[in-house]
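This is coords_15.txt (compact mmCIF, C-alpha atoms).
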```
# COMPACT_ATOMS: atom_id res chain seq x y z
CA MET R 1 81.83 97.82 75.07
CA SER R 2 83.02 101.39 75.06
CA MET R 3 86.23 102.47 76.74
CA ILE R 4 85.88 103.96 80.22
CA ILE R 5 87.93 107.15 80.51
CA PHE R 6 89.13 106.92 84.11
CA ARG R 7 90.13 110.59 84.40
CA ASP R 8 86.54 111.64 83.54
CA LEU R 9 85.02 109.85 86.54
CA PRO R 10 84.15 112.51 89.17
CA LEU R 11 85.85 110.67 92.06
CA VAL R 12 88.99 110.22 89.98
CA SER R 13 89.16 113.77 88.68
CA GLY R 14 88.88 115.17 92.22
CA VAL R 15 91.69 113.01 93.57
CA GLU R 16 93.81 113.56 90.45
CA ARG R 17 93.48 117.32 90.82
CA HIS R 18 94.50 117.20 94.49
CA LEU R 19 97.47 114.92 93.75
CA ARG R 20 98.63 117.21 90.93
CA LEU R 21 98.43 120.21 93.26
CA HIS R 22 100.19 118.30 96.01
CA ALA R 23 103.01 117.30 93.63
CA GLY R 24 103.46 120.99 92.85
CA ASP R 25 103.38 121.87 96.56
CA ARG R 26 100.24 123.95 96.01
CA LEU R 27 97.85 122.39 98.53
CA LEU R 28 96.99 124.18 101.74
CA ASP R 29 97.97 122.42 104.98
CA ASP R 30 94.30 121.53 105.66
CA GLU R 31 94.00 119.97 102.21
CA VAL R 32 97.21 117.96 102.67
CA GLU R 33 95.84 116.66 105.96
CA GLU R 34 92.53 115.70 104.34
CA LEU R 35 94.08 114.09 101.25
CA PRO R 36 94.35 110.53 102.68
CA HIS R 37 90.68 110.67 103.68
CA LEU R 38 89.66 111.95 100.23
CA ILE R 39 91.65 109.14 98.61
CA ASP R 40 90.11 106.45 100.83
CA GLU R 41 86.55 107.74 100.28
CA ALA R 42 87.08 107.84 96.53
CA SER R 43 88.68 104.39 96.57
CA VAL R 44 85.70 102.85 98.35
CA GLY R 45 83.37 104.59 95.90
CA LEU R 46 85.33 103.33 92.89
CA PHE R 47 86.45 99.87 94.03
CA GLY R 48 84.68 98.98 97.28
CA ILE R 49 88.05 98.76 99.07
CA THR R 50 90.97 100.98 100.05
CA GLN R 51 94.66 100.52 99.31
CA ARG R 52 95.10 99.29 102.88
CA ASP R 53 92.71 96.41 102.15
CA THR R 54 95.11 95.14 99.46
CA PHE R 55 98.09 94.64 101.76
CA TYR R 56 98.80 91.02 102.59
CA TRP R 57 98.35 91.43 106.34
CA ALA R 58 94.89 92.99 105.82
CA LEU R 59 93.51 90.34 103.45
CA PRO R 60 90.55 88.22 104.50
CA ASP R 61 91.73 84.81 105.78
CA PRO R 62 90.37 82.83 102.79
CA VAL R 63 92.33 85.02 100.35
CA ARG R 64 95.50 84.98 102.46
CA GLY R 65 95.20 81.19 102.62
CA ARG R 66 95.39 80.96 98.81
CA TYR R 67 98.51 83.08 98.36
CA GLY R 68 101.89 83.47 99.99
CA ARG R 69 103.08 87.04 100.52
CA GLY R 70 105.39 86.99 97.48
CA GLU R 71 102.76 85.44 95.24
CA TRP R 72 100.22 88.05 96.37
CA GLU R 73 102.55 90.97 95.78
CA ALA R 74 103.47 89.63 92.32
CA HIS R 75 99.93 90.51 91.18
CA PHE R 76 100.89 94.18 91.48
CA ASP R 77 104.10 93.98 89.43
CA VAL R 78 102.20 95.42 86.47
CA LEU R 79 101.97 98.72 88.34
CA GLY R 80 105.72 99.11 88.18
CA HIS R 81 106.08 98.29 84.49
CA PHE R 82 106.62 101.45 82.50
CA THR R 83 106.00 101.39 78.78
CA ARG R 84 105.70 103.95 76.03
CA ASP R 85 101.94 103.54 76.28
CA PRO R 86 100.95 103.82 79.95
CA ASN R 87 97.62 102.30 79.02
CA ALA R 88 99.00 99.17 77.32
CA HIS R 89 97.92 96.79 80.10
CA TRP R 90 94.55 98.41 80.77
CA LYS R 91 93.17 98.44 77.21
CA ALA R 92 92.20 94.78 77.60
CA PHE R 93 89.78 95.87 80.34
CA ASP R 94 88.28 98.71 78.25
CA LEU R 95 89.89 101.26 80.56
CA ASP R 96 91.80 104.38 79.60
CA LEU R 97 94.03 105.34 82.53
CA ARG R 98 95.92 108.13 80.77
CA CYS R 99 95.89 111.83 81.53
CA GLU R 100 94.76 114.29 78.85
CA GLU R 101 98.34 114.56 77.58
CA GLY R 102 98.60 110.77 77.19
CA GLY R 103 100.78 110.17 80.25
CA ARG R 104 100.15 108.17 83.39
CA LEU R 105 97.59 109.50 85.87
CA HIS R 106 98.96 110.48 89.30
CA CYS R 107 96.10 108.64 91.00
CA LEU R 108 97.28 105.27 89.70
CA GLU R 109 99.80 105.44 92.55
CA VAL R 110 96.97 105.42 95.11
CA PHE R 111 94.33 103.41 93.20
CA GLY R 112 96.50 100.91 91.32
CA ARG R 113 96.38 98.04 93.80
CA GLN R 114 92.61 98.30 94.18
CA LEU R 115 92.22 98.36 90.40
CA VAL R 116 94.35 95.22 90.01
CA CYS R 117 92.25 93.46 92.67
CA ALA R 118 89.00 94.49 90.97
CA VAL R 119 89.92 93.56 87.38
CA GLY R 120 91.60 90.34 88.49
CA GLY R 121 88.90 89.23 90.92
CA LEU R 122 91.55 88.91 93.62
CA HIS R 123 89.71 90.42 96.58
CA PRO R 124 86.12 89.43 97.47
CA ARG R 125 85.04 93.05 98.08
CA ALA R 126 86.89 94.61 95.13
CA VAL R 127 84.65 95.77 92.28
CA LEU R 128 84.68 98.26 89.47
CA ALA R 129 81.78 100.23 90.93
CA PHE R 130 81.90 102.61 87.96
CA ALA R 131 81.61 99.81 85.38
CA GLU R 132 78.49 97.81 86.03
CA GLY R 133 78.73 94.34 84.53
CA ARG R 134 82.52 94.46 84.06
CA THR R 135 83.64 93.22 87.47
CA SER R 136 85.40 89.96 88.16
CA LYS R 137 84.48 88.00 91.25
CA ALA R 138 87.11 86.56 93.58
CA ALA R 139 86.68 82.81 93.93
```
Any chance you could put this one into structure tokens?
Amino acid sequence: MSMIIFRDLPLVSGVERHLRLHAGDRLLDDEVEELPHLIDEASVGLFGITQRDTFYWALPDPVRGRYGRGEWEAHFDVLGHFTRDPNAHWKAFDLDLRCEEGGRLHCLEVFGRQLVCAVGGLHPRAVLAFAEGRTSKAA
């Protein structure tokens, strides 16, 4: 399979651009106000779920019944591991999550939990909508 360049996906590039502008304090007030909605819409389009859906209290009962809070949150530890290659973990999934300069994408902060759920089959509604045939199913 060929590598999916995450930054080239239209939903990702739009959010990434807005987050980069926001980090530089260059978004208009209206755009700042709309940013959470843009992120959620893109998240549903990319993964079928939002970041909110990945929080322990929001999990479907069957999933919450399989994991304690600490065990659930441990799935996301990978998002806090910083390495020389920000794509080290994601290569195994044929994903390139780097920016054009080779660094970490800003949008991983808002899409990371959904991505972990989709590639790990942790959430029953989480999918890699942009990668047909590469999704894991939650048991």
d(CA of Ala118 (chain R), CA of Glu31 (chain R)) in Å: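 Interatomic distance here is 28.3 Å.
With distances taken from (99.4, 91.4, 91.5) and restricted to only C-alpha atoms, the residues inside 9 Å are Glu71, Trp72, Glu73, Ala74, His75, Phe76, Asp77, Val78, Leu79, Arg113, Val116, Cys117, Gly120 and Leu122 of chain R.
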From the list R:Met3, R:Ala92, R:Val110, R:Leu105, which residue is nearest Ala42 (chain R) when using all atoms listed in the file? R:Val110
Could you list, as a compact mmCIF listing (two decimals) with C-alpha atoms, in the frame of the given file, every residue within 6 Å of region 93-101 of chain R, counting all atoms listed in the file and ignoring same-chain residues fewer than 3 positions away?
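Generated output (out.txt):
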```
# COMPACT_ATOMS: atom_id res chain seq x y z
CA MET R 3 86.23 102.47 76.74
CA ILE R 4 85.88 103.96 80.22
CA ILE R 5 87.93 107.15 80.51
CA PHE R 6 89.13 106.92 84.11
CA ASN R 87 97.62 102.30 79.02
CA TRP R 90 94.55 98.41 80.77
CA ARG R 104 100.15 108.17 83.39
CA LEU R 105 97.59 109.50 85.87
```
For His123 (chain R), the nearest of the candidates R:Glu41, R:Glu33, R:Asp61, R:Asp85, counting all atoms listed in the file: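 Nearest to His123 (chain R): R:Asp61.
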Excluding Leu46 (chain R) and any residue of its chain fewer than 5 positions from it, enumerate the residues within 12 Å of it, using only C-alpha atoms, and give them as a VMD selection string. chain R and resid 6 9 to 13 15 39 to 41 51 111 to 112 114 to 115 118 125 to 132 135
Work out how far CA of Gly80 (chain R) is from CA of Pro62 (chain R), in Å to one decimal.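 Interatomic distance here is 26.7 Å.
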For the atom pair CA of Gly70 (chain R) and CA of Phe55 (chain R), what is the interatomic distance in Å to one decimal place? 11.4 Å
